Amino acid sequence: MTSPKPPIVAGGHTRVRPFNTRDTYPEQSLDNDLCQAVVAGDTVYVRGQIGQNLDTSESVGIGDAEAQAEQAMANIKMLLEESGSRIEHLVKLTIYLIDPRYREAVYRTVGRWTKGVHPISTGLVVSALARPEWLCEIDAVAVIPKEDRA
């Protein structure tokens, strides 16, 4: 298990878990500096999360959309906390599925994580995600409430 790189500030915003795509997608010819979340003012933007352990880059739940959604939501929770927010401060989710038949299992999983939170949500069916084993992807936007700001 590797420890995440410390956040960096670029453009006046905090970049949480910076990485380069050449490391995360070695099978592709990419060289993009990205991060898992950005804190801009009191808003946290979380990159699309999939069935992947963020510390090991291992894909989890291969063939199981529900297990991948569970990992994605666990990642979102962890990234929000690392960014100074919490799951109860989610305001928007976007859920990408490669097959509409996964909708019920994925939405049921997301619903367990967001019980009582009431974020807005957009669901899309797409032809593919970045890797063929990924069945769903979830990105998020949350706020850092005034009382929680440093």
# chains A, B, ... in the order shown; residues from 1 in each chain; ligands from 1
$ select_by_dssp --residues "stretch 10-148 of chain A" --states "helix (DSSP H, G or I)" --output "JSON, numbers by chain"
{"A": [21, 22, 23, 24, 65, 66, 67, 68, 69, 70, 71, 72, 73, 74, 75, 76, 77, 78, 79, 80, 81, 82, 87, 88, 89, 100, 101, 102, 103, 104, 105, 106, 107, 108, 109, 110, 111, 112, 113, 146, 147, 148]}
$ residues_around --residues "stretch 4-6 of chain A" --least-positions-apart "2" --cutoff "8 Å" --atoms "only C-alpha atoms" --output "ChimeraX atom specification"
/A:2,8,16-19,55
$ write_last_selection --atoms "all heavy atoms" --output "PDB file, in the first residue's frame"
ATOM      1  N   THR A   2       0.588   2.163  -0.892  1.00  0.00           N
ATOM      2  CA  THR A   2       1.360   3.393  -0.961  1.00  0.00           C
ATOM      3  C   THR A   2       0.587   4.513  -0.301  1.00  0.00           C
ATOM      4  O   THR A   2      -0.631   4.521  -0.297  1.00  0.00           O
ATOM      5  CB  THR A   2       1.642   3.781  -2.425  1.00  0.00           C
ATOM      6  OG1 THR A   2       0.398   4.007  -3.086  1.00  0.00           O
ATOM      7  CG2 THR A   2       2.412   2.701  -3.155  1.00  0.00           C
ATOM      8  N   ILE A   8      -1.578  19.531  -3.069  1.00  0.00           N
ATOM      9  CA  ILE A   8      -0.810  20.661  -3.567  1.00  0.00           C
ATOM     10  C   ILE A   8      -1.778  21.807  -3.855  1.00  0.00           C
ATOM     11  O   ILE A   8      -2.967  21.575  -4.061  1.00  0.00           O
ATOM     12  CB  ILE A   8       0.005  20.306  -4.839  1.00  0.00           C
ATOM     13  CG1 ILE A   8      -0.914  19.827  -5.958  1.00  0.00           C
ATOM     14  CG2 ILE A   8       1.065  19.277  -4.543  1.00  0.00           C
ATOM     15  CD1 ILE A   8      -0.215  19.642  -7.292  1.00  0.00           C
ATOM     16  N   VAL A  16      -6.206  17.432  -4.171  1.00  0.00           N
ATOM     17  CA  VAL A  16      -6.104  16.297  -3.250  1.00  0.00           C
ATOM     18  C   VAL A  16      -5.738  15.035  -4.035  1.00  0.00           C
ATOM     19  O   VAL A  16      -6.347  14.710  -5.045  1.00  0.00           O
ATOM     20  CB  VAL A  16      -7.440  16.101  -2.498  1.00  0.00           C
ATOM     21  CG1 VAL A  16      -7.379  14.895  -1.580  1.00  0.00           C
ATOM     22  CG2 VAL A  16      -7.783  17.370  -1.714  1.00  0.00           C
ATOM     23  N   ARG A  17      -4.717  14.331  -3.553  1.00  0.00           N
ATOM     24  CA  ARG A  17      -4.203  13.100  -4.175  1.00  0.00           C
ATOM     25  C   ARG A  17      -3.806  13.320  -5.631  1.00  0.00           C
ATOM     26  O   ARG A  17      -4.336  12.688  -6.542  1.00  0.00           O
ATOM     27  CB  ARG A  17      -5.199  11.954  -4.041  1.00  0.00           C
ATOM     28  CG  ARG A  17      -5.324  11.440  -2.624  1.00  0.00           C
ATOM     29  CD  ARG A  17      -6.166  10.175  -2.582  1.00  0.00           C
ATOM     30  NE  ARG A  17      -6.265   9.681  -1.234  1.00  0.00           N
ATOM     31  CZ  ARG A  17      -5.882   8.467  -0.854  1.00  0.00           C
ATOM     32  NH1 ARG A  17      -5.392   7.617  -1.719  1.00  0.00           N
ATOM     33  NH2 ARG A  17      -6.014   8.095   0.398  1.00  0.00           N
ATOM     34  N   PRO A  18      -2.833  14.206  -5.864  1.00  0.00           N
ATOM     35  CA  PRO A  18      -2.369  14.415  -7.236  1.00  0.00           C
ATOM     36  C   PRO A  18      -1.720  13.143  -7.797  1.00  0.00           C
ATOM     37  O   PRO A  18      -1.158  12.340  -7.052  1.00  0.00           O
ATOM     38  CB  PRO A  18      -1.352  15.547  -7.102  1.00  0.00           C
ATOM     39  CG  PRO A  18      -0.939  15.540  -5.673  1.00  0.00           C
ATOM     40  CD  PRO A  18      -2.089  14.990  -4.880  1.00  0.00           C
ATOM     41  N   PHE A  19      -1.833  12.979  -9.106  1.00  0.00           N
ATOM     42  CA  PHE A  19      -1.227  11.822  -9.774  1.00  0.00           C
ATOM     43  C   PHE A  19      -1.022  12.157 -11.244  1.00  0.00           C
ATOM     44  O   PHE A  19      -1.487  13.187 -11.734  1.00  0.00           O
ATOM     45  CB  PHE A  19      -2.104  10.564  -9.631  1.00  0.00           C
ATOM     46  CG  PHE A  19      -3.415  10.643 -10.365  1.00  0.00           C
ATOM     47  CD1 PHE A  19      -3.542  10.109 -11.642  1.00  0.00           C
ATOM     48  CD2 PHE A  19      -4.519  11.245  -9.787  1.00  0.00           C
ATOM     49  CE1 PHE A  19      -4.753  10.179 -12.327  1.00  0.00           C
ATOM     50  CE2 PHE A  19      -5.735  11.325 -10.463  1.00  0.00           C
ATOM     51  CZ  PHE A  19      -5.856  10.790 -11.733  1.00  0.00           C
ATOM     52  N   ASP A  55      -5.468   3.457  -2.907  1.00  0.00           N
ATOM     53  CA  ASP A  55      -4.118   3.312  -2.356  1.00  0.00           C
ATOM     54  C   ASP A  55      -3.265   2.315  -3.140  1.00  0.00           C
ATOM     55  O   ASP A  55      -2.057   2.461  -3.222  1.00  0.00           O
ATOM     56  CB  ASP A  55      -4.179   2.903  -0.883  1.00  0.00           C
ATOM     57  CG  ASP A  55      -4.755   4.007  -0.012  1.00  0.00           C
ATOM     58  OD1 ASP A  55      -4.493   5.198  -0.304  1.00  0.00           O
ATOM     59  OD2 ASP A  55      -5.461   3.690   0.953  1.00  0.00           O
TER      60      ASP A  55
END
$ closest_residue --among "A:Arg101, A:Lys115, A:Arg15, A:His89" --to "A:Asp33" --atoms "only C-alpha atoms"
A:Arg15
$ residues_around --residues "stretch 44-49 of chain A" --least-positions-apart "6" --cutoff "6 Å" --atoms "only C-alpha atoms" --output "PyMOL selection string"
chain A and resi 36-38+72+137-143
$ closest_residue --among "A:Gln52, A:Glu133, A:Ser121, A:Ile144" --to "A:Ile87" --atoms "only C-alpha atoms"
A:Ile144
$ atom_distance --atom1 "atom CA of A:Val60" --atom2 "atom CA of A:Arg112"
19.2 Å
$ residues_around --residues "A:Arg103" --least-positions-apart "5" --cutoff "9 Å" --atoms "only C-alpha atoms" --output "ChimeraX atom specification"
/A:65,97,108,123
$ residues_around --residues "A:Glu66" --least-positions-apart "4" --cutoff "7 Å" --atoms "only C-alpha atoms" --output "PDB file with N, CA, C and O atoms, in the first residue's frame"
ATOM      1  N   GLU A  70     -19.992   0.262  -4.487  1.00  0.00           N
ATOM      2  CA  GLU A  70     -19.625   0.316  -3.063  1.00  0.00           C
ATOM      3  C   GLU A  70     -18.217   0.897  -2.901  1.00  0.00           C
ATOM      4  O   GLU A  70     -17.987   1.769  -2.059  1.00  0.00           O
ATOM      5  N   ALA A 105     -29.004  -2.061  -8.905  1.00  0.00           N
ATOM      6  CA  ALA A 105     -27.981  -2.449  -7.924  1.00  0.00           C
ATOM      7  C   ALA A 105     -27.103  -1.257  -7.552  1.00  0.00           C
ATOM      8  O   ALA A 105     -26.802  -1.041  -6.368  1.00  0.00           O
ATOM      9  N   VAL A 106     -26.703  -0.469  -8.537  1.00  0.00           N
ATOM     10  CA  VAL A 106     -25.829   0.679  -8.274  1.00  0.00           C
ATOM     11  C   VAL A 106     -26.579   1.748  -7.483  1.00  0.00           C
ATOM     12  O   VAL A 106     -26.080   2.258  -6.477  1.00  0.00           O
ATOM     13  N   THR A 109     -27.062   0.819  -3.872  1.00  0.00           N
ATOM     14  CA  THR A 109     -25.815   1.016  -3.124  1.00  0.00           C
ATOM     15  C   THR A 109     -25.599   2.489  -2.817  1.00  0.00           C
ATOM     16  O   THR A 109     -25.315   2.865  -1.673  1.00  0.00           O
TER      17      THR A 109
END
$ residues_around --residues "A:Ile120" --least-positions-apart "3" --cutoff "8 Å" --atoms "only C-alpha atoms" --output "ChimeraX atom specification"
/A:91-93
$ residues_around --residues "A:Ser127" --least-positions-apart "6" --cutoff "12 Å" --atoms "only C-alpha atoms" --output "list of chain:residue names"
A:Tyr96, A:Leu97, A:Ile98, A:Asp99, A:Pro100, A:Trp134, A:Leu135, A:Cys136
$ write_last_selection --atoms "all heavy atoms" --output "mmCIF file, in the first residue's frame"
data_model
loop_
_atom_site.group_PDB
_atom_site.id
_atom_site.type_symbol
_atom_site.label_atom_id
_atom_site.label_comp_id
_atom_site.auth_asym_id
_atom_site.auth_seq_id
_atom_site.Cartn_x
_atom_site.Cartn_y
_atom_site.Cartn_z
ATOM 1 N N TYR A 96 -22.458 7.091 -13.907
ATOM 2 C CA TYR A 96 -22.284 6.589 -15.268
ATOM 3 C C TYR A 96 -22.345 5.060 -15.217
ATOM 4 O O TYR A 96 -21.633 4.438 -14.432
ATOM 5 C CB TYR A 96 -20.927 7.005 -15.836
ATOM 6 C CG TYR A 96 -20.687 8.491 -15.803
ATOM 7 C CD1 TYR A 96 -20.144 9.108 -14.673
ATOM 8 C CD2 TYR A 96 -21.002 9.293 -16.900
ATOM 9 C CE1 TYR A 96 -19.927 10.471 -14.636
ATOM 10 C CE2 TYR A 96 -20.777 10.663 -16.865
ATOM 11 C CZ TYR A 96 -20.239 11.246 -15.730
ATOM 12 O OH TYR A 96 -20.026 12.600 -15.702
ATOM 13 N N LEU A 97 -23.180 4.465 -16.059
ATOM 14 C CA LEU A 97 -23.312 3.012 -16.150
ATOM 15 C C LEU A 97 -23.025 2.587 -17.583
ATOM 16 O O LEU A 97 -23.412 3.279 -18.523
ATOM 17 C CB LEU A 97 -24.734 2.567 -15.795
ATOM 18 C CG LEU A 97 -25.280 2.986 -14.444
ATOM 19 C CD1 LEU A 97 -26.758 2.642 -14.351
ATOM 20 C CD2 LEU A 97 -24.500 2.312 -13.338
ATOM 21 N N ILE A 98 -22.391 1.431 -17.743
ATOM 22 C CA ILE A 98 -22.181 0.951 -19.107
ATOM 23 C C ILE A 98 -23.344 0.072 -19.571
ATOM 24 O O ILE A 98 -23.389 -0.311 -20.739
ATOM 25 C CB ILE A 98 -20.838 0.205 -19.281
ATOM 26 C CG1 ILE A 98 -20.810 -1.076 -18.465
ATOM 27 C CG2 ILE A 98 -19.673 1.110 -18.959
ATOM 28 C CD1 ILE A 98 -19.822 -2.081 -18.983
ATOM 29 N N ASP A 99 -24.274 -0.225 -18.677
ATOM 30 C CA ASP A 99 -25.434 -1.043 -19.025
ATOM 31 C C ASP A 99 -26.587 -0.624 -18.110
ATOM 32 O O ASP A 99 -26.418 -0.625 -16.886
ATOM 33 C CB ASP A 99 -25.093 -2.515 -18.813
ATOM 34 C CG ASP A 99 -26.153 -3.466 -19.327
ATOM 35 O OD1 ASP A 99 -27.357 -3.198 -19.140
ATOM 36 O OD2 ASP A 99 -25.785 -4.502 -19.920
ATOM 37 N N PRO A 100 -27.753 -0.281 -18.669
ATOM 38 C CA PRO A 100 -28.869 0.156 -17.824
ATOM 39 C C PRO A 100 -29.356 -0.926 -16.860
ATOM 40 O O PRO A 100 -29.990 -0.618 -15.857
ATOM 41 C CB PRO A 100 -29.961 0.560 -18.821
ATOM 42 C CG PRO A 100 -29.608 -0.116 -20.100
ATOM 43 C CD PRO A 100 -28.105 -0.274 -20.090
ATOM 44 N N TRP A 134 -14.404 -1.820 -15.722
ATOM 45 C CA TRP A 134 -15.191 -0.877 -14.939
ATOM 46 C C TRP A 134 -16.609 -0.780 -15.487
ATOM 47 O O TRP A 134 -16.813 -0.509 -16.670
ATOM 48 C CB TRP A 134 -14.519 0.488 -14.916
ATOM 49 C CG TRP A 134 -13.206 0.477 -14.191
ATOM 50 C CD1 TRP A 134 -12.770 -0.444 -13.272
ATOM 51 C CD2 TRP A 134 -12.153 1.413 -14.321
ATOM 52 N NE1 TRP A 134 -11.512 -0.142 -12.835
ATOM 53 C CE2 TRP A 134 -11.099 1.009 -13.459
ATOM 54 C CE3 TRP A 134 -11.979 2.561 -15.088
ATOM 55 C CZ2 TRP A 134 -9.917 1.706 -13.341
ATOM 56 C CZ3 TRP A 134 -10.796 3.264 -14.967
ATOM 57 C CH2 TRP A 134 -9.791 2.843 -14.103
ATOM 58 N N LEU A 135 -17.581 -1.002 -14.622
ATOM 59 C CA LEU A 135 -18.983 -1.057 -15.015
ATOM 60 C C LEU A 135 -19.752 0.213 -14.645
ATOM 61 O O LEU A 135 -20.790 0.497 -15.236
ATOM 62 C CB LEU A 135 -19.660 -2.271 -14.354
ATOM 63 C CG LEU A 135 -18.958 -3.612 -14.582
ATOM 64 C CD1 LEU A 135 -19.661 -4.714 -13.793
ATOM 65 C CD2 LEU A 135 -18.882 -3.941 -16.063
ATOM 66 N N CYS A 136 -19.261 0.933 -13.655
ATOM 67 C CA CYS A 136 -19.919 2.172 -13.241
ATOM 68 C C CYS A 136 -18.861 3.150 -12.744
ATOM 69 O O CYS A 136 -17.769 2.756 -12.348
ATOM 70 C CB CYS A 136 -20.973 1.923 -12.161
ATOM 71 S SG CYS A 136 -20.340 1.380 -10.572
#
$ closest_residue --among "A:Leu34, A:Ile76, A:Val39, A:Val9" --to "A:Asn53" --atoms "only C-alpha atoms"
A:Ile76
$ closest_residue --among "A:Asp31, A:Arg86, A:Val126, A:Asp148" --to "A:Thr114" --atoms "only C-alpha atoms"
A:Arg86
$ atom_distance --atom1 "atom CA of A:Glu104" --atom2 "atom CA of A:Thr122"
14.2 Å
$ closest_residue --among "A:Lys146, A:Asn20, A:Leu54, A:Pro119" --to "A:Asn32" --atoms "only C-alpha atoms"
A:Asn20
$ atom_distance --atom1 "atom CA of A:Thr14" --atom2 "atom CA of A:Ser83"
8.4 Å
$ decode --residues "stretch 98-115 of chain A" --atoms "N, CA and C atoms" --output "compact mmCIF listing (two decimals), in the first residue's frame"
# COMPACT_ATOMS: atom_id res chain seq x y z
N ILE A 98 -22.39 1.43 -17.74
CA ILE A 98 -22.18 0.95 -19.11
C ILE A 98 -23.34 0.07 -19.57
N ASP A 99 -24.27 -0.22 -18.68
CA ASP A 99 -25.43 -1.04 -19.02
C ASP A 99 -26.59 -0.62 -18.11
N PRO A 100 -27.75 -0.28 -18.67
CA PRO A 100 -28.87 0.16 -17.82
C PRO A 100 -29.36 -0.93 -16.86
N ARG A 101 -29.01 -2.17 -17.11
CA ARG A 101 -29.42 -3.24 -16.20
C ARG A 101 -28.70 -3.17 -14.85
N TYR A 102 -27.61 -2.39 -14.77
CA TYR A 102 -26.90 -2.22 -13.50
C TYR A 102 -27.54 -1.15 -12.62
N ARG A 103 -28.50 -0.41 -13.16
CA ARG A 103 -29.04 0.76 -12.47
C ARG A 103 -29.56 0.43 -11.07
N GLU A 104 -30.40 -0.58 -10.95
CA GLU A 104 -31.00 -0.88 -9.65
C GLU A 104 -29.95 -1.20 -8.59
N ALA A 105 -29.00 -2.06 -8.90
CA ALA A 105 -27.98 -2.45 -7.92
C ALA A 105 -27.10 -1.26 -7.55
N VAL A 106 -26.70 -0.47 -8.54
CA VAL A 106 -25.83 0.68 -8.27
C VAL A 106 -26.58 1.75 -7.48
N TYR A 107 -27.80 2.08 -7.90
CA TYR A 107 -28.56 3.11 -7.20
C TYR A 107 -28.94 2.68 -5.78
N ARG A 108 -29.18 1.39 -5.57
CA ARG A 108 -29.47 0.90 -4.22
C ARG A 108 -28.23 1.09 -3.33
N THR A 109 -27.06 0.82 -3.87
CA THR A 109 -25.81 1.02 -3.12
C THR A 109 -25.60 2.49 -2.82
N VAL A 110 -25.73 3.34 -3.82
CA VAL A 110 -25.58 4.79 -3.61
C VAL A 110 -26.59 5.27 -2.58
N GLY A 111 -27.81 4.76 -2.66
CA GLY A 111 -28.86 5.15 -1.73
C GLY A 111 -28.53 4.83 -0.28
N ARG A 112 -27.84 3.72 -0.05
CA ARG A 112 -27.43 3.39 1.33
C ARG A 112 -26.44 4.44 1.85
N TRP A 113 -25.52 4.87 0.99
CA TRP A 113 -24.51 5.85 1.40
C TRP A 113 -25.09 7.24 1.59
N THR A 114 -26.18 7.54 0.87
CA THR A 114 -26.72 8.91 0.90
C THR A 114 -28.06 9.00 1.62
N LYS A 115 -28.41 7.99 2.40
CA LYS A 115 -29.67 8.00 3.14
C LYS A 115 -29.77 9.26 3.99
